[in-house]
>>> print(open('my_file.pdb').read())   # PDB, C-alpha atoms, pLDDT in the B column
ATOM      1  CA  MET I   1      43.464 262.458 -42.589  1.00 95.00           C
ATOM      2  CA  THR I   2      40.197 264.290 -42.900  1.00 98.00           C
ATOM      3  CA  VAL I   3      37.681 263.973 -45.745  1.00 98.00           C
ATOM      4  CA  LYS I   4      34.137 265.215 -46.163  1.00 98.00           C
ATOM      5  CA  LEU I   5      31.408 262.702 -46.972  1.00 98.00           C
ATOM      6  CA  ARG I   6      28.331 264.062 -48.765  1.00 98.00           C
ATOM      7  CA  LEU I   7      25.253 261.910 -49.243  1.00 98.00           C
ATOM      8  CA  PHE I   8      22.213 262.229 -51.481  1.00 98.00           C
ATOM      9  CA  ALA I   9      18.816 260.644 -52.086  1.00 97.00           C
ATOM     10  CA  SER I  10      18.328 257.079 -50.771  1.00 96.00           C
ATOM     11  CA  VAL I  11      21.838 256.939 -49.292  1.00 97.00           C
ATOM     12  CA  ARG I  12      21.254 260.161 -47.347  1.00 97.00           C
ATOM     13  CA  GLU I  13      17.901 258.932 -46.041  1.00 95.00           C
ATOM     14  CA  LEU I  14      19.168 255.535 -44.867  1.00 95.00           C
ATOM     15  CA  ALA I  15      22.322 257.001 -43.295  1.00 96.00           C
ATOM     16  CA  GLY I  16      20.319 259.763 -41.617  1.00 96.00           C
ATOM     17  CA  PHE I  17      22.758 262.571 -42.458  1.00 97.00           C
ATOM     18  CA  SER I  18      23.855 264.534 -45.524  1.00 97.00           C
ATOM     19  CA  VAL I  19      27.342 265.716 -44.578  1.00 98.00           C
ATOM     20  CA  ARG I  20      29.894 264.187 -42.209  1.00 97.00           C
ATOM     21  CA  VAL I  21      33.587 264.887 -41.654  1.00 98.00           C
ATOM     22  CA  LEU I  22      35.518 261.616 -41.434  1.00 98.00           C
ATOM     23  CA  HIS I  23      38.910 261.000 -39.883  1.00 97.00           C
ATOM     24  CA  LEU I  24      40.549 258.086 -41.692  1.00 96.00           C
ATOM     25  CA  ALA I  25      43.858 256.277 -41.256  1.00 95.00           C
ATOM     26  CA  GLU I  26      46.243 256.842 -44.197  1.00 93.00           C
ATOM     27  CA  PRO I  27      46.368 255.693 -46.892  1.00 95.00           C
ATOM     28  CA  ALA I  28      42.592 255.885 -47.215  1.00 96.00           C
ATOM     29  CA  THR I  29      40.495 254.998 -50.248  1.00 97.00           C
ATOM     30  CA  THR I  30      36.909 255.395 -51.396  1.00 97.00           C
ATOM     31  CA  GLU I  31      36.293 251.816 -50.219  1.00 96.00           C
ATOM     32  CA  ASP I  32      37.264 252.853 -46.678  1.00 96.00           C
ATOM     33  CA  VAL I  33      34.518 255.485 -46.844  1.00 97.00           C
ATOM     34  CA  TRP I  34      32.056 252.805 -47.955  1.00 96.00           C
ATOM     35  CA  THR I  35      33.184 250.563 -45.071  1.00 96.00           C
ATOM     36  CA  PHE I  36      32.456 253.457 -42.689  1.00 96.00           C
ATOM     37  CA  LEU I  37      28.965 253.825 -44.135  1.00 96.00           C
ATOM     38  CA  VAL I  38      28.172 250.100 -43.871  1.00 96.00           C
ATOM     39  CA  GLY I  39      29.277 250.378 -40.245  1.00 96.00           C
ATOM     40  CA  GLN I  40      26.718 253.132 -39.731  1.00 94.00           C
ATOM     41  CA  HIS I  41      23.809 251.088 -41.079  1.00 94.00           C
ATOM     42  CA  ASP I  42      23.794 247.393 -41.840  1.00 93.00           C
ATOM     43  CA  GLY I  43      21.180 248.018 -44.548  1.00 94.00           C
ATOM     44  CA  PHE I  44      23.976 249.288 -46.834  1.00 95.00           C
ATOM     45  CA  ARG I  45      25.682 245.877 -46.930  1.00 93.00           C
ATOM     46  CA  SER I  46      23.958 244.763 -50.156  1.00 94.00           C
ATOM     47  CA  TRP I  47      24.232 248.141 -51.930  1.00 95.00           C
ATOM     48  CA  ARG I  48      27.848 248.041 -53.071  1.00 94.00           C
ATOM     49  CA  PRO I  49      27.117 246.790 -56.650  1.00 94.00           C
ATOM     50  CA  SER I  50      24.601 249.637 -57.158  1.00 94.00           C
ATOM     51  CA  ILE I  51      26.646 252.630 -56.081  1.00 96.00           C
ATOM     52  CA  ARG I  52      29.389 254.727 -57.668  1.00 97.00           C
ATOM     53  CA  PHE I  53      31.852 257.092 -56.022  1.00 98.00           C
ATOM     54  CA  ALA I  54      32.647 260.688 -56.865  1.00 98.00           C
ATOM     55  CA  VAL I  55      35.584 262.635 -55.450  1.00 98.00           C
ATOM     56  CA  ASN I  56      35.432 266.429 -55.632  1.00 98.00           C
ATOM     57  CA  ALA I  57      32.352 266.249 -57.892  1.00 98.00           C
ATOM     58  CA  THR I  58      33.932 263.890 -60.444  1.00 98.00           C
ATOM     59  CA  TYR I  59      33.189 260.177 -60.902  1.00 98.00           C
ATOM     60  CA  VAL I  60      36.154 257.986 -59.952  1.00 97.00           C
ATOM     61  CA  ASP I  61      36.824 254.382 -60.891  1.00 86.00           C
ATOM     62  CA  GLY I  62      36.911 251.646 -58.283  1.00 78.00           C
ATOM     63  CA  THR I  63      39.302 252.156 -55.414  1.00 90.00           C
ATOM     64  CA  THR I  64      40.692 255.681 -55.393  1.00 96.00           C
ATOM     65  CA  VAL I  65      43.283 256.910 -52.905  1.00 97.00           C
ATOM     66  CA  LEU I  66      42.015 259.999 -51.090  1.00 97.00           C
ATOM     67  CA  LYS I  67      43.830 263.212 -50.283  1.00 97.00           C
ATOM     68  CA  GLU I  68      43.415 265.471 -47.267  1.00 98.00           C
ATOM     69  CA  GLY I  69      40.298 267.617 -47.647  1.00 98.00           C
ATOM     70  CA  ASP I  70      38.715 265.580 -50.459  1.00 98.00           C
ATOM     71  CA  GLU I  71      34.946 265.549 -50.727  1.00 98.00           C
ATOM     72  CA  VAL I  72      33.629 262.027 -51.277  1.00 98.00           C
ATOM     73  CA  THR I  73      30.128 261.434 -52.581  1.00 98.00           C
ATOM     74  CA  ILE I  74      28.247 258.157 -52.833  1.00 97.00           C
ATOM     75  CA  ILE I  75      26.196 258.137 -56.043  1.00 97.00           C
ATOM     76  CA  PRO I  76      23.225 255.732 -56.016  1.00 97.00           C
ATOM     77  CA  PRO I  77      21.599 254.905 -59.389  1.00 97.00           C
ATOM     78  CA  VAL I  78      20.573 258.216 -60.950  1.00 97.00           C
ATOM     79  CA  SER I  79      17.003 258.918 -62.072  1.00 97.00           C
ATOM     80  CA  GLY I  80      16.878 262.385 -63.573  1.00 96.00           C
ATOM     81  CA  GLY I  81      15.041 263.227 -66.747  1.00 95.00           C
TER
ATOM     82  CA  MET F  82      22.594 277.148 -71.457  1.00 97.00           C
ATOM     83  CA  ILE F  83      22.851 274.569 -68.697  1.00 98.00           C
ATOM     84  CA  ARG F  84      20.840 275.116 -65.552  1.00 98.00           C
ATOM     85  CA  LEU F  85      19.164 273.376 -62.618  1.00 98.00           C
ATOM     86  CA  GLN F  86      16.253 275.340 -61.200  1.00 98.00           C
ATOM     87  CA  ARG F  87      13.369 275.115 -58.753  1.00 98.00           C
ATOM     88  CA  GLU F  88      11.072 277.303 -60.850  1.00 98.00           C
ATOM     89  CA  ALA F  89       8.829 276.005 -63.636  1.00 98.00           C
ATOM     90  CA  LEU F  90      10.625 275.594 -66.966  1.00 98.00           C
ATOM     91  CA  ASP F  91      10.031 278.250 -69.621  1.00 98.00           C
ATOM     92  CA  ILE F  92      10.172 276.151 -72.781  1.00 97.00           C
ATOM     93  CA  GLY F  93      10.104 279.216 -75.056  1.00 97.00           C
ATOM     94  CA  GLU F  94      13.122 280.705 -73.294  1.00 98.00           C
ATOM     95  CA  ILE F  95      15.071 277.448 -73.634  1.00 98.00           C
ATOM     96  CA  VAL F  96      14.235 277.147 -77.348  1.00 98.00           C
ATOM     97  CA  ARG F  97      15.244 280.777 -77.923  1.00 97.00           C
ATOM     98  CA  SER F  98      18.544 280.154 -76.114  1.00 98.00           C
ATOM     99  CA  VAL F  99      19.712 277.806 -78.908  1.00 98.00           C
ATOM    100  CA  SER F 100      18.549 280.027 -81.774  1.00 95.00           C
ATOM    101  CA  ARG F 101      21.380 280.608 -84.266  1.00 96.00           C
ATOM    102  CA  PRO F 102      21.230 282.110 -87.767  1.00 96.00           C
ATOM    103  CA  THR F 103      23.186 279.074 -89.061  1.00 96.00           C
ATOM    104  CA  SER F 104      20.551 276.594 -87.850  1.00 96.00           C
ATOM    105  CA  GLY F 105      17.890 274.978 -89.968  1.00 97.00           C
ATOM    106  CA  ALA F 106      16.391 272.854 -87.171  1.00 98.00           C
ATOM    107  CA  VAL F 107      15.786 272.898 -83.438  1.00 98.00           C
ATOM    108  CA  ASP F 108      14.852 269.590 -81.796  1.00 98.00           C
ATOM    109  CA  VAL F 109      13.291 269.842 -78.344  1.00 98.00           C
ATOM    110  CA  PHE F 110      12.841 267.037 -75.833  1.00 98.00           C
ATOM    111  CA  ILE F 111      10.493 267.675 -72.922  1.00 98.00           C
ATOM    112  CA  GLY F 112      10.479 265.167 -70.080  1.00 98.00           C
ATOM    113  CA  THR F 113       7.277 265.348 -68.044  1.00 97.00           C
ATOM    114  CA  THR F 114       6.268 263.946 -64.680  1.00 96.00           C
ATOM    115  CA  ARG F 115       4.060 260.852 -64.917  1.00 93.00           C
ATOM    116  CA  ASN F 116       1.242 260.066 -62.501  1.00 93.00           C
ATOM    117  CA  ASN F 117       2.061 256.354 -62.226  1.00 93.00           C
ATOM    118  CA  ALA F 118       4.965 254.012 -61.567  1.00 91.00           C
ATOM    119  CA  GLU F 119       5.006 250.219 -61.287  1.00 85.00           C
ATOM    120  CA  GLY F 120       1.223 250.132 -61.464  1.00 88.00           C
ATOM    121  CA  ARG F 121       0.718 252.599 -58.620  1.00 92.00           C
ATOM    122  CA  LEU F 122      -0.593 256.156 -58.672  1.00 94.00           C
ATOM    123  CA  VAL F 123       2.036 258.813 -58.004  1.00 95.00           C
ATOM    124  CA  ARG F 124       0.753 261.842 -56.117  1.00 94.00           C
ATOM    125  CA  SER F 125       3.846 264.021 -56.259  1.00 92.00           C
ATOM    126  CA  LEU F 126       7.487 264.010 -57.296  1.00 95.00           C
ATOM    127  CA  GLU F 127      10.611 265.668 -56.069  1.00 97.00           C
ATOM    128  CA  TYR F 128      14.075 265.992 -57.635  1.00 98.00           C
ATOM    129  CA  GLU F 129      17.360 266.241 -55.773  1.00 98.00           C
ATOM    130  CA  ALA F 130      20.823 266.724 -57.281  1.00 98.00           C
ATOM    131  CA  HIS F 131      24.484 267.082 -56.531  1.00 98.00           C
ATOM    132  CA  GLU F 132      24.148 270.454 -58.209  1.00 98.00           C
ATOM    133  CA  LEU F 133      27.779 271.272 -59.007  1.00 98.00           C
ATOM    134  CA  MET F 134      28.503 267.761 -60.258  1.00 98.00           C
ATOM    135  CA  ALA F 135      25.246 267.563 -62.213  1.00 98.00           C
ATOM    136  CA  ALA F 136      26.017 270.812 -64.053  1.00 98.00           C
ATOM    137  CA  GLN F 137      29.545 269.577 -64.808  1.00 98.00           C
ATOM    138  CA  GLU F 138      28.304 266.191 -66.068  1.00 98.00           C
ATOM    139  CA  ILE F 139      25.742 267.887 -68.330  1.00 98.00           C
ATOM    140  CA  GLU F 140      28.551 270.114 -69.676  1.00 98.00           C
ATOM    141  CA  LYS F 141      30.558 266.975 -70.491  1.00 98.00           C
ATOM    142  CA  ILE F 142      27.595 265.385 -72.290  1.00 98.00           C
ATOM    143  CA  SER F 143      27.045 268.567 -74.274  1.00 98.00           C
ATOM    144  CA  ALA F 144      30.740 268.639 -75.232  1.00 98.00           C
ATOM    145  CA  ARG F 145      30.510 265.009 -76.407  1.00 98.00           C
ATOM    146  CA  ALA F 146      27.478 265.888 -78.549  1.00 98.00           C
ATOM    147  CA  PHE F 147      29.457 268.720 -80.183  1.00 98.00           C
ATOM    148  CA  GLU F 148      32.297 266.266 -80.915  1.00 98.00           C
ATOM    149  CA  ARG F 149      29.975 263.713 -82.557  1.00 98.00           C
ATOM    150  CA  TRP F 150      27.576 265.859 -84.567  1.00 98.00           C
ATOM    151  CA  PRO F 151      27.778 269.133 -86.505  1.00 98.00           C
ATOM    152  CA  ILE F 152      25.409 271.066 -84.241  1.00 98.00           C
ATOM    153  CA  ASP F 153      25.109 274.747 -83.364  1.00 98.00           C
ATOM    154  CA  ALA F 154      23.889 274.866 -79.770  1.00 98.00           C
ATOM    155  CA  VAL F 155      22.678 272.713 -76.855  1.00 98.00           C
ATOM    156  CA  SER F 156      20.613 273.791 -73.852  1.00 98.00           C
ATOM    157  CA  VAL F 157      19.639 271.578 -70.924  1.00 98.00           C
ATOM    158  CA  VAL F 158      17.491 272.799 -68.044  1.00 98.00           C
ATOM    159  CA  HIS F 159      16.327 270.435 -65.259  1.00 98.00           C
ATOM    160  CA  ARG F 160      13.903 271.029 -62.387  1.00 98.00           C
ATOM    161  CA  LEU F 161      14.813 270.532 -58.732  1.00 98.00           C
ATOM    162  CA  GLY F 162      12.553 270.232 -55.707  1.00 98.00           C
ATOM    163  CA  PRO F 163       8.839 269.416 -55.925  1.00 97.00           C
ATOM    164  CA  VAL F 164       7.374 269.125 -59.433  1.00 97.00           C
ATOM    165  CA  ALA F 165       3.618 268.729 -59.956  1.00 95.00           C
ATOM    166  CA  ILE F 166       2.309 265.834 -62.059  1.00 95.00           C
ATOM    167  CA  GLY F 167       2.223 266.686 -65.785  1.00 95.00           C
ATOM    168  CA  GLU F 168       4.836 269.439 -65.603  1.00 97.00           C
ATOM    169  CA  ALA F 169       8.108 269.534 -67.512  1.00 98.00           C
ATOM    170  CA  SER F 170      10.959 268.170 -65.416  1.00 98.00           C
ATOM    171  CA  VAL F 171      13.641 268.545 -68.094  1.00 98.00           C
ATOM    172  CA  VAL F 172      13.906 270.384 -71.388  1.00 98.00           C
ATOM    173  CA  ILE F 173      16.682 269.753 -73.908  1.00 98.00           C
ATOM    174  CA  ALA F 174      16.990 271.860 -77.050  1.00 98.00           C
ATOM    175  CA  VAL F 175      19.512 271.184 -79.801  1.00 98.00           C
ATOM    176  CA  ALA F 176      19.987 273.457 -82.802  1.00 98.00           C
ATOM    177  CA  ALA F 177      21.758 272.229 -85.927  1.00 98.00           C
ATOM    178  CA  PRO F 178      22.077 273.162 -89.579  1.00 98.00           C
ATOM    179  CA  HIS F 179      19.999 270.054 -90.478  1.00 97.00           C
ATOM    180  CA  ARG F 180      17.320 268.087 -88.630  1.00 97.00           C
ATOM    181  CA  ALA F 181      18.990 264.643 -88.624  1.00 98.00           C
ATOM    182  CA  GLU F 182      21.836 265.877 -86.418  1.00 98.00           C
ATOM    183  CA  ALA F 183      19.458 267.801 -84.167  1.00 98.00           C
ATOM    184  CA  PHE F 184      17.318 264.679 -83.561  1.00 98.00           C
ATOM    185  CA  GLU F 185      20.288 262.374 -82.968  1.00 98.00           C
ATOM    186  CA  ALA F 186      22.201 264.727 -80.690  1.00 98.00           C
ATOM    187  CA  CYS F 187      19.088 265.535 -78.645  1.00 98.00           C
ATOM    188  CA  ARG F 188      18.388 261.837 -78.102  1.00 98.00           C
ATOM    189  CA  PHE F 189      22.011 261.248 -77.119  1.00 98.00           C
ATOM    190  CA  VAL F 190      21.878 264.072 -74.560  1.00 98.00           C
ATOM    191  CA  ILE F 191      18.705 262.837 -72.815  1.00 98.00           C
ATOM    192  CA  ASP F 192      19.741 259.148 -72.921  1.00 98.00           C
ATOM    193  CA  THR F 193      23.166 259.946 -71.451  1.00 98.00           C
ATOM    194  CA  LEU F 194      21.739 262.384 -68.881  1.00 98.00           C
ATOM    195  CA  LYS F 195      19.488 259.612 -67.560  1.00 98.00           C
ATOM    196  CA  LYS F 196      22.521 257.335 -67.040  1.00 97.00           C
ATOM    197  CA  GLU F 197      25.233 259.707 -65.854  1.00 98.00           C
ATOM    198  CA  VAL F 198      23.958 262.883 -64.223  1.00 98.00           C
ATOM    199  CA  PRO F 199      23.585 262.834 -60.414  1.00 98.00           C
ATOM    200  CA  ILE F 200      19.940 263.851 -60.226  1.00 98.00           C
ATOM    201  CA  TRP F 201      17.456 261.714 -58.309  1.00 98.00           C
ATOM    202  CA  LYS F 202      13.677 261.502 -58.428  1.00 97.00           C
ATOM    203  CA  LYS F 203      11.603 260.680 -55.372  1.00 97.00           C
ATOM    204  CA  GLU F 204       8.044 259.522 -55.925  1.00 96.00           C
ATOM    205  CA  GLN F 205       5.317 259.823 -53.343  1.00 95.00           C
ATOM    206  CA  PHE F 206       2.390 257.463 -53.916  1.00 95.00           C
ATOM    207  CA  GLU F 207      -1.300 257.908 -53.211  1.00 92.00           C
ATOM    208  CA  ASP F 208      -1.009 255.638 -50.164  1.00 90.00           C
ATOM    209  CA  GLY F 209       1.637 257.921 -48.628  1.00 90.00           C
ATOM    210  CA  THR F 210       4.623 255.621 -49.254  1.00 92.00           C
ATOM    211  CA  THR F 211       7.669 256.936 -51.108  1.00 93.00           C
ATOM    212  CA  SER F 212      10.247 255.458 -53.458  1.00 93.00           C
ATOM    213  CA  TRP F 213      13.559 256.432 -55.062  1.00 94.00           C
ATOM    214  CA  PRO F 214      13.110 254.553 -58.359  1.00 91.00           C
ATOM    215  CA  GLY F 215      15.991 252.269 -59.293  1.00 88.00           C
ATOM    216  CA  GLN F 216      17.717 252.716 -55.958  1.00 86.00           C
ATOM    217  CA  PRO F 217      18.282 249.946 -53.429  1.00 88.00           C
ATOM    218  CA  THR F 218      16.238 249.900 -50.244  1.00 83.00           C
ATOM    219  CA  GLY F 219      17.521 249.511 -46.719  1.00 69.00           C
ATOM    220  CA  LYS F 220      16.265 245.928 -46.558  1.00 64.00           C
ATOM    221  CA  ASN F 221      18.803 243.162 -47.117  1.00 49.00           C
TER
END
>>> encode(input="my_file.pdb", output="structure tokens")
Amino acid sequence: MTVKLRLFASVRELAGFSVRVLHLAEPATTEDVWTFLVGQHDGFRSWRPSIRFAVNATYVDGTTVLKEGDEVTIIPPVSGG
Amino acid sequence: MIRLQREALDIGEIVRSVSRPTSGAVDVFIGTTRNNAEGRLVRSLEYEAHELMAAQEIEKISARAFERWPIDAVSVVHRLGPVAIGEASVVIAVAAPHRAEAFEACRFVIDTLKKEVPIWKKEQFEDGTTSWPGQPTGKN
């Protein structure tokens, strides 16, 4: 299946890209997307407790099963205001 | 009115946007960009957002404020991109029949925005280094 990964802020900078289309084996979850990202840069290994996932612009809890065409976003700690 | 914009914030416009004949109070919170962080001088700041999601999350916060308090109107406008030191980065205006609700709802909106809304601040320091406050670094 194909999903779109969108990255922002510190995650985008460390990964070195902002959008990537991923081909994942089904069933795929948000954790599989995180595993992909850790594979891209070892520096992400310690980040898991700090980040949240969003699917199609909505926060999702824990491990969420993805559907074809979903947009997955990694949300590092926010700092607006 | 909920908006993310690159242009400077027009505080008068945002206050006028919540004006209702039923209101007896408008509480306004203005967040401004500080020239220091963790004891270091900040030269410039920049905001980045997941814009669609940020607007939706602010809508949800506004809806929660309407559920909790008898208020008339809420506006939230946040800057994106580079923001000079001392400028307004966010303005929240809440109109209500009475001031207690306006104060409480306005505080709720800014406190929740700072926890939930996918907007990120990048600080550039005098020495040229940068930081995403509160975010992990690439070093294990």
>>> residues_around(input="my_file.pdb", residues="stretch 70-78 of chain I", least_positions_apart="4", cutoff="7 Å", atoms="only C-alpha atoms", output="list in words")
Val3, Lys4, Leu5, Arg6, Leu7, Val11, Ser50, Ile51, Arg52, Phe53, Ala54, Val55, Asn56 and Leu66 of chain I; Lys195, Lys196, Glu197, Val198, Pro199, Ile200, Trp201, Gly215 and Gln216 of chain F
>>> resolve_selection(input="my_file.pdb", expression="the ChimeraX specification (/I :<8) & /F", output="number ranges by chain")
F: 112, 128-131, 133-134, 159, 170-171, 191, 194-203, 213-221
>>> write_last_selection(input="my_file.pdb", atoms="C-alpha atoms", output="PDB file, in the coordinates of the input")
ATOM      1  CA  GLY F 112      10.479 265.167 -70.080  1.00 98.00           C
ATOM      2  CA  TYR F 128      14.075 265.992 -57.635  1.00 98.00           C
ATOM      3  CA  GLU F 129      17.360 266.241 -55.773  1.00 98.00           C
ATOM      4  CA  ALA F 130      20.823 266.724 -57.281  1.00 98.00           C
ATOM      5  CA  HIS F 131      24.484 267.082 -56.531  1.00 98.00           C
ATOM      6  CA  LEU F 133      27.779 271.272 -59.007  1.00 98.00           C
ATOM      7  CA  MET F 134      28.503 267.761 -60.258  1.00 98.00           C
ATOM      8  CA  HIS F 159      16.327 270.435 -65.259  1.00 98.00           C
ATOM      9  CA  SER F 170      10.959 268.170 -65.416  1.00 98.00           C
ATOM     10  CA  VAL F 171      13.641 268.545 -68.094  1.00 98.00           C
ATOM     11  CA  ILE F 191      18.705 262.837 -72.815  1.00 98.00           C
ATOM     12  CA  LEU F 194      21.739 262.384 -68.881  1.00 98.00           C
ATOM     13  CA  LYS F 195      19.488 259.612 -67.560  1.00 98.00           C
ATOM     14  CA  LYS F 196      22.521 257.335 -67.040  1.00 97.00           C
ATOM     15  CA  GLU F 197      25.233 259.707 -65.854  1.00 98.00           C
ATOM     16  CA  VAL F 198      23.958 262.883 -64.223  1.00 98.00           C
ATOM     17  CA  PRO F 199      23.585 262.834 -60.414  1.00 98.00           C
ATOM     18  CA  ILE F 200      19.940 263.851 -60.226  1.00 98.00           C
ATOM     19  CA  TRP F 201      17.456 261.714 -58.309  1.00 98.00           C
ATOM     20  CA  LYS F 202      13.677 261.502 -58.428  1.00 97.00           C
ATOM     21  CA  LYS F 203      11.603 260.680 -55.372  1.00 97.00           C
ATOM     22  CA  TRP F 213      13.559 256.432 -55.062  1.00 94.00           C
ATOM     23  CA  PRO F 214      13.110 254.553 -58.359  1.00 91.00           C
ATOM     24  CA  GLY F 215      15.991 252.269 -59.293  1.00 88.00           C
ATOM     25  CA  GLN F 216      17.717 252.716 -55.958  1.00 86.00           C
ATOM     26  CA  PRO F 217      18.282 249.946 -53.429  1.00 88.00           C
ATOM     27  CA  THR F 218      16.238 249.900 -50.244  1.00 83.00           C
ATOM     28  CA  GLY F 219      17.521 249.511 -46.719  1.00 69.00           C
ATOM     29  CA  LYS F 220      16.265 245.928 -46.558  1.00 64.00           C
ATOM     30  CA  ASN F 221      18.803 243.162 -47.117  1.00 49.00           C
TER      31      ASN F 221
END
>>> residues_around(input="my_file.pdb", residues="I:Lys67", least_positions_apart="3", cutoff="9 Å", atoms="all atoms listed in the file", output="PDB file with C-alpha atoms, in the frame of the given file")
ATOM      1  CA  MET I   1      43.464 262.458 -42.589  1.00 95.00           C
ATOM      2  CA  THR I   2      40.197 264.290 -42.900  1.00 98.00           C
ATOM      3  CA  VAL I   3      37.681 263.973 -45.745  1.00 98.00           C
ATOM      4  CA  PRO I  27      46.368 255.693 -46.892  1.00 95.00           C
ATOM      5  CA  ALA I  28      42.592 255.885 -47.215  1.00 96.00           C
ATOM      6  CA  THR I  29      40.495 254.998 -50.248  1.00 97.00           C
ATOM      7  CA  ASP I  70      38.715 265.580 -50.459  1.00 98.00           C
TER       8      ASP I  70
END
>>> atom_distance(input="my_file.pdb", atom1="atom CA of I:His23", atom2="atom CA of I:Thr35")
13.0 Å
>>> resolve_selection(input="my_file.pdb", expression="the PyMOL selection byres ((chain F and resi 141) around 12)", output="ChimeraX atom specification")
/I:58 /F:83,134-140,142-148,155,157,190,193-194,197-198
>>> write_last_selection(input="my_file.pdb", atoms="C-alpha atoms", output="CSV table (one decimal), in the coordinates of the input")
chain,number,residue,atom,x,y,z
I,58,THR,CA,33.9,263.9,-60.4
F,83,ILE,CA,22.9,274.6,-68.7
F,134,MET,CA,28.5,267.8,-60.3
F,135,ALA,CA,25.2,267.6,-62.2
F,136,ALA,CA,26.0,270.8,-64.1
F,137,GLN,CA,29.5,269.6,-64.8
F,138,GLU,CA,28.3,266.2,-66.1
F,139,ILE,CA,25.7,267.9,-68.3
F,140,GLU,CA,28.6,270.1,-69.7
F,142,ILE,CA,27.6,265.4,-72.3
F,143,SER,CA,27.0,268.6,-74.3
F,144,ALA,CA,30.7,268.6,-75.2
F,145,ARG,CA,30.5,265.0,-76.4
F,146,ALA,CA,27.5,265.9,-78.5
F,147,PHE,CA,29.5,268.7,-80.2
F,148,GLU,CA,32.3,266.3,-80.9
F,155,VAL,CA,22.7,272.7,-76.9
F,157,VAL,CA,19.6,271.6,-70.9
F,190,VAL,CA,21.9,264.1,-74.6
F,193,THR,CA,23.2,259.9,-71.5
F,194,LEU,CA,21.7,262.4,-68.9
F,197,GLU,CA,25.2,259.7,-65.9
F,198,VAL,CA,24.0,262.9,-64.2
>>> resolve_selection(input="my_file.pdb", expression="the PyMOL selection byres ((chain F and resi 173-181) around 9)", output="VMD selection string")
chain F and resid 95 to 96 98 to 101 103 to 112 150 to 159 171 to 172 182 to 187 190 to 191
>>> atom_distance(input="my_file.pdb", atom1="atom CA of I:Gln40", atom2="atom CA of F:Phe206")
28.5 Å
>>> axis_aligned_box(input="my_file.pdb", around="stretch 57-75 of chain I", padding_each_side="6 Å", output="AutoDock Vina command-line options")
--center_x 35.0 --center_y 259.6 --center_z -54.1 --size_x 29.6 --size_y 28.0 --size_z 25.6
>>> closest_residue(input="my_file.pdb", among="I:Leu22, I:Arg12, I:Gly69, I:Phe17", to="I:Phe36", atoms="all atoms listed in the file")
I:Leu22
>>> atom_distance(input="my_file.pdb", atom1="atom CA of F:Leu161", atom2="atom CA of F:Leu85")
6.5 Å
>>> residues_around(input="my_file.pdb", residues="F:Gly120", least_positions_apart="3", cutoff="12 Å", atoms="all atoms listed in the file", output="ChimeraX atom specification")
/F:115-117,123,206-207
>>> decode(input="my_file.pdb", residues="stretch 65-79 of chain I", atoms="C-alpha atoms", output="PDB file, in the first residue's frame")
ATOM      1  CA  VAL I  65      -3.915   0.920  11.003  1.00  0.00           C
ATOM      2  CA  LEU I  66      -3.388   2.878   7.789  1.00  0.00           C
ATOM      3  CA  LYS I  67      -5.471   2.908   4.638  1.00  0.00           C
ATOM      4  CA  GLU I  68      -4.329   3.336   1.049  1.00  0.00           C
ATOM      5  CA  GLY I  69      -3.620   7.001   0.320  1.00  0.00           C
ATOM      6  CA  ASP I  70      -3.495   8.146   3.958  1.00  0.00           C
ATOM      7  CA  GLU I  71      -1.314  11.110   4.815  1.00  0.00           C
ATOM      8  CA  VAL I  72       0.767  10.441   7.925  1.00  0.00           C
ATOM      9  CA  THR I  73       2.380  13.275   9.840  1.00  0.00           C
ATOM     10  CA  ILE I  74       4.888  13.061  12.670  1.00  0.00           C
ATOM     11  CA  ILE I  75       4.125  15.783  15.224  1.00  0.00           C
ATOM     12  CA  PRO I  76       7.087  16.764  17.432  1.00  0.00           C
ATOM     13  CA  PRO I  77       6.328  18.790  20.599  1.00  0.00           C
ATOM     14  CA  VAL I  78       4.453  21.903  19.482  1.00  0.00           C
ATOM     15  CA  SER I  79       5.632  25.414  20.363  1.00  0.00           C
TER      16      SER I  79
END
